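Accompanying notes for the structure given below.
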Amino acid sequence: MSKSSDIIARDRKVISPSLTRELPFVFQKGSGCHLWDVDGKRYLDFTACIAVSSIGHDSPVIRKAMLRQIKYGIHAAFSDFYAETPVRLAETLLGLMPGFQKVFLCNSGTESVEAAYKLARWHSDRTWVIAFQGAFHGRTMGALSMTNSKPVQRGRFGPFLPVVHTPYPYAFRMGMEPEECAQHCLGLLEDRMNTMRGDLAAVFLEPIQGEGGYVVPPASFVKGVRKLCNEYGALLCDDEVQAGCFRTGKFLAIENFGVKPDIVSLSKAIGGGVPLGAMVSTDAVMDWPQGAHANTFGGNLLACAGGIAALEYMKRKKLGDNAVRIGKIIMKGLESMKGDAIVDVRGLGLMIGVEICDRVERDRIVRKAMEDGLLLLPAGESVVRISPPLTLTKGEAEKGLAILEGCL
């Protein structure tokens, strides 16, 4: 029996079966854009471990920052006391987000969304929230009330909080032209907003839908959502957990559409691999009183030190520019592969969705790619998502494309 098989067998005895394991990959180590399993096999990573390791695996800048911090302390009870490292992280983050002034620090994407949900409800003193079909915002109960990407995520967990869902402009699946689809979905959104006029707190939006299938909406849709929020007095809450931190070229994916939200949720890449999340807003919106929302581990010193190092590295190395440059190479290569298996390709920067003809074929491709040394993850009904570290080189991109083409 291989080491991988042995560990997987042990895992099945003691770990919750609710986790979403798609592949029998057992992590041993990582470096740059590559991972190794416990049997010594090397893989090119086109997942960034679920869009987290954007500055590459085993980053020395993260290691050094955390080693410096660990000499002085790990935990400072930031919800009750003060510390400089979390303040420095907030200042660094706000330096990348002009127009925002306040940060709430937490530990994960679902926590950052939960905080955004609570702030929207508190600030507006309203009840209802609108989210989109196919959305994924997390698995805690507030975030889960807005999540709508797979039935298994919601099954038997209701009743949910007061959230309603409306279609997201997935033009390929809806059989429409992109602009037609955008206007259709905006019309349905306004219909929903009309039913809760005066009691609508917020609209939660993924500027590019992640788990739902890496769906890129027309700019007119995102602008239209902002316009409707203004008209109905609702807050626009931007979930950048998967799409943020330069993955699409811009620090926030919503910047690609020329729209400014009221509240932003961030996590995944913000910590460079360390559990870290942030909810960001303005002085005007983040006006809740002392004790309205807090946590124990938000502002953890090690996580914040890692986060500062990750954000500074992204900016210094211009990883957003690299994401755009390498993303164009990958998109061009994928377009040339369209045919019986690949039926649609879409994306911005290094957040690329490859629509496969059906789920069975998608799953076969993902498994075959792993056998051939390329790690991919699925999304949506039948999509292969491509979200490698933002440090990916032209040579690595071309190697990954060659492996993927061989799997077709």
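Residues are named by chain letter and number: chains run A, B, ... in the order of the structure tokens, numbers start at 1 in each chain, and ligands are numbered from 1 in the order shown.
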Each residue of segment 207-302 of chain A lying at most 8 Å from segment 96-118 of chain A should get a row with its shortest atom-to-atom pair and the distance in Å to one decimal, counting only C-alpha atoms; could you produce that, ordered by chain and increasing number, as JSON lines?
{"residue": "A:Cys237", "atom": "CA", "partner": "A:Ala116", "partner_atom": "CA", "distance": 7.1}
{"residue": "A:Asp239", "atom": "CA", "partner": "A:Val113", "partner_atom": "CA", "distance": 7.1}
{"residue": "A:Val241", "atom": "CA", "partner": "A:Gly109", "partner_atom": "CA", "distance": 5.7}
{"residue": "A:Phe251", "atom": "CA", "partner": "A:Leu96", "partner_atom": "CA", "distance": 7.0}
{"residue": "A:Ile263", "atom": "CA", "partner": "A:Ala116", "partner_atom": "CA", "distance": 6.5}
{"residue": "A:Val264", "atom": "CA", "partner": "A:Ala116", "partner_atom": "CA", "distance": 7.3}
{"residue": "A:Ser265", "atom": "CA", "partner": "A:Ser112", "partner_atom": "CA", "distance": 5.2}
{"residue": "A:Leu266", "atom": "CA", "partner": "A:Gly109", "partner_atom": "CA", "distance": 6.3}
{"residue": "A:Ser267", "atom": "CA", "partner": "A:Gly109", "partner_atom": "CA", "distance": 4.9}
{"residue": "A:Lys268", "atom": "CA", "partner": "A:Gly109", "partner_atom": "CA", "distance": 6.8}
{"residue": "A:Pro275", "atom": "CA", "partner": "A:Asn107", "partner_atom": "CA", "distance": 5.3}
{"residue": "A:Leu276", "atom": "CA", "partner": "A:Asn107", "partner_atom": "CA", "distance": 4.2}
{"residue": "A:Gly277", "atom": "CA", "partner": "A:Ser108", "partner_atom": "CA", "distance": 4.6}
{"residue": "A:Ala278", "atom": "CA", "partner": "A:Leu105", "partner_atom": "CA", "distance": 4.6}
{"residue": "A:Met279", "atom": "CA", "partner": "A:Phe104", "partner_atom": "CA", "distance": 5.1}
{"residue": "A:Val280", "atom": "CA", "partner": "A:Val103", "partner_atom": "CA", "distance": 4.5}
{"residue": "A:Ser281", "atom": "CA", "partner": "A:Lys102", "partner_atom": "CA", "distance": 5.4}
{"residue": "A:Thr282", "atom": "CA", "partner": "A:Phe100", "partner_atom": "CA", "distance": 4.8}
{"residue": "A:Asp283", "atom": "CA", "partner": "A:Gln101", "partner_atom": "CA", "distance": 5.8}
{"residue": "A:Met286", "atom": "CA", "partner": "A:Lys102", "partner_atom": "CA", "distance": 6.9}
{"residue": "A:His293", "atom": "CA", "partner": "A:Ala115", "partner_atom": "CA", "distance": 7.6}
{"residue": "A:Asn295", "atom": "CA", "partner": "A:Cys106", "partner_atom": "CA", "distance": 7.3}
{"residue": "A:Phe297", "atom": "CA", "partner": "A:Cys106", "partner_atom": "CA", "distance": 6.9}
{"residue": "A:Gly298", "atom": "CA", "partner": "A:Cys106", "partner_atom": "CA", "distance": 4.0}
{"residue": "A:Gly299", "atom": "CA", "partner": "A:Leu105", "partner_atom": "CA", "distance": 5.6}
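Every protein or nucleic acid residue with an atom no more than 10 Å from Val203 of chain A, counting only C-alpha atoms and leaving out same-chain residues fewer than 3 positions away, appears here: Tyr117, Ala120, Trp128, Val129, Ile130, Ala131, Phe132, Met146, Val163, Val164, His165, Leu189, Met193, Leu200, Val225, Arg226, Leu228, Cys229, Ala234, Leu235, Leu236, Cys237 and Asp238 of chain A.
A straight line drawn from atom CA of Val354 of chain A to atom CA of Val384 of chain A is 5.0 Å long.
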Quick one: DSSP helix (DSSP H, G or I) residues in segment 294-376 of chain A, as a PyMOL selection string?
chain A and resi 301-316+319-337+359-371
Neighbour list for Ser54 of chain A as a PyMOL selection string, cut-off 9 Å, only C-alpha atoms, skip fewer than 5 positions in-chain:
chain A and resi 48-49+245-247+268-270+272-273+310+314+319+387-391
For a quick check of understanding, using only C-alpha atoms, which of A:Lys223, A:Arg154, A:Arg192, A:Arg173 has the smallest distance to Cys357 of chain A?
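With only C-alpha atoms as the atom set, the closest residue is A:Arg173.
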